[in-house]
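J.: Starting off with a structure, shown below.
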Amino acid sequence: MNSSRKPSNLHLQRNLSSEIGPFIALNQQVFGELLTFVDFAEKFTIGFVEINFTPDAEILVEALKTNPDCQEIQFVTMNFSDANLRFIKDEILKILPTIEIESNKKLVLIVQGLEKSIGVYGDYPPVLQDLNFVRDAYKRTVPHPILFILPDYALTRLAKFAPDFWAWQSGMFRFQTPQVTKDYAINETQNTERIVNRLEPPEKQERIDLLHRLLMEYKPTGHHPTGENLRNCSNILHQLGVAYLSKNEPIKAREYLEEAKKIANEFQYSTFHAEVLNTLGDSYRQERQFDTAITYYQKSLSISQQLQNPRGEIAALFKLGNAYRDLRQFTQATTFYQQRLEIEQQIGDRYSSASTYHQLGTVAQNLREFEEARHCYQQALTIRIEFGDHYSSGGTYYQLGRVAQNLREFEEARRNYQQALAIDIEFGDRHSSASTYHWLGNVAFEYREFEEARRNYQQALEIWIEYQDRYNQNYSYHQLGMVAEELREFEEARRNYQQALAIKIEFGDRYSQASTYHNLGIVDQKLGEFEQARRNYQQALVIKIEFGDRYSQARTYHNLGSVAQDLGEFEEARRNYQQALAIYIEFSDRYSQAITYHALGTLAEAEENYAEARVNLQTALEIYVEYKDEYWGAITREALERLPE
């Protein structure tokens, strides 16, 4: 992909000598001063060179090496681009003995890449702490002039955090950036938000690094941008916010977004102002602070309405719908999606309506209106195929897979997930492939292919860890807990559930905590810790009632019935099973009804009410046969066969 191409690679593919002339012409005076410095520098002498972009640093090094005035100087470049570097002197001392020093030439060391370990933010980088602490040792051990080539922001941090070392400088040389380099950097940072999200972590970091370098062009340390520079600066700040959000760093993102908002306030009621407010909302949504996110989205919508900007309106309405969906306020979410769809139809934006149909599908799916969800997803897929948007089609295949799985059409689900995974792999979208592996694991789990399920969940978990996506890791830990539970590895199951629960609590995701409390209850129950199991089920039930999730309450009522049955509290067990059954009938979930009829059958058997037991077990068996579930069908037949005549 073009987005992964490094600026330095672009220059290295060209003839550097052709770049030297224009670069030196732009920086003639400072280049002359640098030549004088390297000519007179002796023993340990420090010079700092400010260059914001790596390609220009390559040009400068080539210019020094080929300059006639430097014929008696041997330049050796040392590139320290390890972000975890701490001891620079030690690294230099490793390299020095390997250098074949040319006779009658002065050795000048050029150090590049330290900006990676210096970083952009945070207190006291370890590399600068050490640089300041051991500065006296350089005189004894590195008896050569050193040129440190760094961008503006790294030099500012070096001066702040290594002041003693900074004070030893004998020269400071600031080079201007050629327009061709700026233009290339701007072009590289104009990718859409969707493209940024698809980049792998190293490429995201590379983009952030490029944006910081570009920011220094329009907002050098100690300067306040004005005019066109101010607009460019605000756009870069916004792009930095988007980039940090793509790395799931919402607090860091807000540092730049708040700065962008201050500038946008000077151009109030602009499309850019609305866009920044939307992204600020995204930063709060990522932290699951949905009410705050909604406030920003509403402000953005208001601006776009005042500007009569339908594109801005549909952007804000989409985000409002997503936030209300996250809050499980599905009626409100649908209202916003429908408003967006109406505007898209008015302006003839058929392509954008695909995303709206897709989201309407997710709402219908949450409401267990699976055929309606399928209809919406298929509308979205038709439009995406029509417009040749193969990448976005992957997300819709994924959701169609989930609908099929909800309908227990597991082969159809697997086919759709595999379609989605093929597209993820084709586009190098590893982050999206994690969710697809996860749900392929769920299909394998339904087929009781537990080792296959575990492999898929672990594949998903590895990717989410790689992308530092801590929140999504909870899903894999939860499902790995379920696999371990089925394999009777109960302590392993408990560890995984507790990992999932800790993440949910960390992110304030109270609703999702219910499912993990429920599953911890299952583990407790299987370990014979019935009172602890009851406490966990009741904790889950309280949350489900709090969020009005009536359907999910059924599963917890069922398990509270099971615990009561284990404790010999048969009337309490029956009340809970009947609560569960009533909800499953209300939601027309026939398959889950079978599970509860089976439980009522075993309860009646324990009470020696064999006639009632037979009726309930026979009802369960009929449903299992209907759904072609041979595993549970066999278990139910065995239960029927052991009943006395």
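Going through the structure tokens in order, the chains are called A, B, and so on, while each chain numbers its residues from 1 and the ligands are numbered from 1 in the order shown.
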Would you kindly return, as a PyMOL selection string, each protein, DNA or RNA residue with an atom no farther than 8 Å from any atom of stretch 595-605 of chain A, considering only C-alpha atoms and excluding same-chain residues fewer than 2 positions away?

T.: chain A and resi 558+562+565+570+573-574+577+580-581+591-593+607-610+612-617+619-620+636+639+643

J.: Pull the helix (DSSP H, G or I) assignments for stretch 159-325 of chain A out of DSSP run on the backbone, and list those residues as a ChimeraX atom specification.

T.: /A:159-161,163-167,179-188,193-198,201-218,227-246,250-266,271-286,290-306,310-325

J.: Quick one: residues within 9 Å of A:Glu62, only C-alpha atoms, excluding same-chain residues fewer than 5 positions away - as a PyMOL selection string?

T.: chain A and resi 16-17+20+57+67

J.: If you keep N, CA and C atoms, can you produce a file of those selected residues as a PDB file, in the first residue's frame?

T.:
ATOM      1  N   LEU A  16      20.598  10.876  -5.004  1.00  0.00           N
ATOM      2  CA  LEU A  16      20.709  11.911  -3.973  1.00  0.00           C
ATOM      3  C   LEU A  16      21.455  13.142  -4.465  1.00  0.00           C
ATOM      4  N   SER A  17      22.406  12.940  -5.363  1.00  0.00           N
ATOM      5  CA  SER A  17      23.201  14.082  -5.843  1.00  0.00           C
ATOM      6  C   SER A  17      22.325  15.131  -6.516  1.00  0.00           C
ATOM      7  N   ILE A  20      20.907  17.501  -3.823  1.00  0.00           N
ATOM      8  CA  ILE A  20      21.812  18.328  -3.018  1.00  0.00           C
ATOM      9  C   ILE A  20      21.738  19.797  -3.415  1.00  0.00           C
ATOM     10  N   ALA A  57      17.770  14.792   5.916  1.00  0.00           N
ATOM     11  CA  ALA A  57      18.990  14.429   6.651  1.00  0.00           C
ATOM     12  C   ALA A  57      19.905  13.588   5.771  1.00  0.00           C
ATOM     13  N   ASN A  67      31.330  17.140  -0.382  1.00  0.00           N
ATOM     14  CA  ASN A  67      31.778  18.531  -0.505  1.00  0.00           C
ATOM     15  C   ASN A  67      33.306  18.604  -0.602  1.00  0.00           C
TER      16      ASN A  67
END

J.: Rounded to one decimal place, report the atom CA of A:Glu102-atom CA of A:Gln71 distance in Å.

T.: 11.3 Å

J.: Can you check which parts of stretch 426-486 of chain A lie within 12 Å of stretch 236-255 of chain A? Per residue, the shortest pair of atoms and distance in Å to one decimal, counting only C-alpha atoms, sorted by chain and number, as a tab-separated table.

T.:
residue	atom	partner	partner_atom	distance
A:His431	CA	A:Ser246	CA	10.6
A:Trp464	CA	A:Asn248	CA	11.0
A:Ile465	CA	A:Lys247	CA	11.6
A:Glu466	CA	A:Lys247	CA	10.7
A:Tyr467	CA	A:Lys247	CA	7.2
A:Gln468	CA	A:Lys247	CA	7.2
A:Asp469	CA	A:Asn248	CA	6.5
A:Arg470	CA	A:Asn248	CA	8.5
A:Tyr471	CA	A:Asn248	CA	9.1
A:Asn472	CA	A:Asn248	CA	10.7

J.: Could you dump the residues just selected with N, CA and C atoms as a PDB file, in the first residue's frame?

T.:
ATOM      1  N   HIS A 431      -6.164  -6.040  12.122  1.00  0.00           N
ATOM      2  CA  HIS A 431      -7.015  -5.714  13.267  1.00  0.00           C
ATOM      3  C   HIS A 431      -8.429  -6.256  13.056  1.00  0.00           C
ATOM      4  N   TRP A 464      -4.989  -8.650  18.915  1.00  0.00           N
ATOM      5  CA  TRP A 464      -5.423  -7.539  19.755  1.00  0.00           C
ATOM      6  C   TRP A 464      -4.312  -7.079  20.694  1.00  0.00           C
ATOM      7  N   ILE A 465      -3.499  -8.011  21.173  1.00  0.00           N
ATOM      8  CA  ILE A 465      -2.350  -7.619  22.000  1.00  0.00           C
ATOM      9  C   ILE A 465      -1.340  -6.855  21.143  1.00  0.00           C
ATOM     10  N   GLU A 466      -1.093  -7.363  19.930  1.00  0.00           N
ATOM     11  CA  GLU A 466      -0.162  -6.700  19.003  1.00  0.00           C
ATOM     12  C   GLU A 466      -0.586  -5.255  18.739  1.00  0.00           C
ATOM     13  N   TYR A 467      -1.900  -5.040  18.615  1.00  0.00           N
ATOM     14  CA  TYR A 467      -2.414  -3.697  18.324  1.00  0.00           C
ATOM     15  C   TYR A 467      -2.692  -2.889  19.601  1.00  0.00           C
ATOM     16  N   GLN A 468      -2.305  -3.442  20.736  1.00  0.00           N
ATOM     17  CA  GLN A 468      -2.512  -2.784  22.034  1.00  0.00           C
ATOM     18  C   GLN A 468      -3.986  -2.432  22.234  1.00  0.00           C
ATOM     19  N   ASP A 469      -4.858  -3.288  21.695  1.00  0.00           N
ATOM     20  CA  ASP A 469      -6.300  -3.084  21.823  1.00  0.00           C
ATOM     21  C   ASP A 469      -6.760  -3.851  23.055  1.00  0.00           C
ATOM     22  N   ARG A 470      -6.582  -3.223  24.208  1.00  0.00           N
ATOM     23  CA  ARG A 470      -6.838  -3.928  25.473  1.00  0.00           C
ATOM     24  C   ARG A 470      -8.320  -4.247  25.640  1.00  0.00           C
ATOM     25  N   TYR A 471      -9.190  -3.336  25.254  1.00  0.00           N
ATOM     26  CA  TYR A 471     -10.613  -3.575  25.477  1.00  0.00           C
ATOM     27  C   TYR A 471     -11.072  -4.850  24.769  1.00  0.00           C
ATOM     28  N   ASN A 472     -10.736  -4.997  23.496  1.00  0.00           N
ATOM     29  CA  ASN A 472     -11.204  -6.169  22.752  1.00  0.00           C
ATOM     30  C   ASN A 472     -10.600  -7.478  23.254  1.00  0.00           C
TER      31      ASN A 472
END

J.: By how many Å are atom CA of A:Tyr184 and atom CA of A:Leu214 apart?

T.: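 Interatomic distance here is 10.3 Å.
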
J.: Can you measure atom CA of A:Ile543 to atom CA of A:Gln338 for me? One decimal in Å is fine.

T.: 29.5 Å

J.: Show which residues sit within 6 Å of stretch 295-312 of chain A, as an MDAnalysis selection string. Count only C-alpha atoms, and ignore same-chain residues fewer than 3 positions away.

T.: chainID A and resid 269 274 277:278 281 292 315:316

J.: Write out, as an mmCIF file, in the first residue's frame, the residues just selected, with C-alpha atoms.

T.:
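The result, written out as result.cif:
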data_model
loop_
_atom_site.group_PDB
_atom_site.id
_atom_site.type_symbol
_atom_site.label_atom_id
_atom_site.label_comp_id
_atom_site.auth_asym_id
_atom_site.auth_seq_id
_atom_site.Cartn_x
_atom_site.Cartn_y
_atom_site.Cartn_z
ATOM 1 C CA TYR A 269 -19.163 27.391 12.290
ATOM 2 C CA ALA A 274 -17.592 20.317 13.119
ATOM 3 C CA LEU A 277 -15.854 18.112 17.482
ATOM 4 C CA ASN A 278 -16.812 14.752 15.978
ATOM 5 C CA GLY A 281 -16.540 12.822 20.600
ATOM 6 C CA THR A 292 -19.797 13.249 26.805
ATOM 7 C CA ALA A 315 -21.317 12.329 9.661
ATOM 8 C CA ALA A 316 -22.637 13.569 13.016
#

J.: Just want the 9 Å neighbourhood of A:Arg494, counted on only C-alpha atoms, with same-chain residues fewer than 5 positions away dropped. Output as number ranges by chain.

T.: A: 481, 484-485, 489, 499, 519-520, 523-524

J.: Could those selected residues go to a file with C-alpha atoms, as a PDB file, in the first residue's frame?

T.:
ATOM      1  CA  GLY A 481     -12.649 -19.270  29.535  1.00  0.00           C
ATOM      2  CA  ALA A 484     -11.487 -24.264  29.204  1.00  0.00           C
ATOM      3  CA  GLU A 485     -14.803 -24.721  31.011  1.00  0.00           C
ATOM      4  CA  GLU A 489     -10.147 -27.043  32.969  1.00  0.00           C
ATOM      5  CA  GLN A 499      -8.890 -11.431  33.042  1.00  0.00           C
ATOM      6  CA  ASN A 519     -19.805 -17.478  33.470  1.00  0.00           C
ATOM      7  CA  LEU A 520     -17.823 -17.183  36.689  1.00  0.00           C
ATOM      8  CA  VAL A 523     -17.339 -22.300  37.016  1.00  0.00           C
ATOM      9  CA  ASP A 524     -18.156 -21.904  40.708  1.00  0.00           C
TER      10      ASP A 524
END

J.: Find the residues around A:Leu341 up to 10 Å (only C-alpha atoms counted), leave out those fewer than 3 positions away in its own chain, and share them as a VMD selection string.

T.: chain A and resid 314 317 to 318 335 to 338 344 to 346 349 to 350 352 to 357 360

J.: Nearest to A:Asp183: which of A:Glu217, A:Gln399, A:Ser392, A:Asp566 is it, counting only C-alpha atoms?

T.: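 Between A:Glu217, A:Gln399, A:Ser392, A:Asp566, the residue approaching A:Asp183 most closely is A:Glu217.
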
J.: Taking only C-alpha atoms into account, which of A:His212, A:Lys160, A:Lys89, A:Arg135 comes nearest A:Val120?

T.: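 Counting only C-alpha atoms, the residue closest to A:Val120 is A:His212.
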
J.: Write out as a VMD selection string which residues come within 10 Å of A:Arg140 when counting only C-alpha atoms, dropping same-chain ones fewer than 4 positions away.

T.: chain A and resid 43 to 44 135 to 136

J.: My list of candidates is A:Asp509, A:Leu487, A:Arg555, A:Glu409. Which is closest to A:Glu449 when distances are computed with only C-alpha atoms?

T.: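 For A:Glu449, the nearest of the candidates is A:Leu487.
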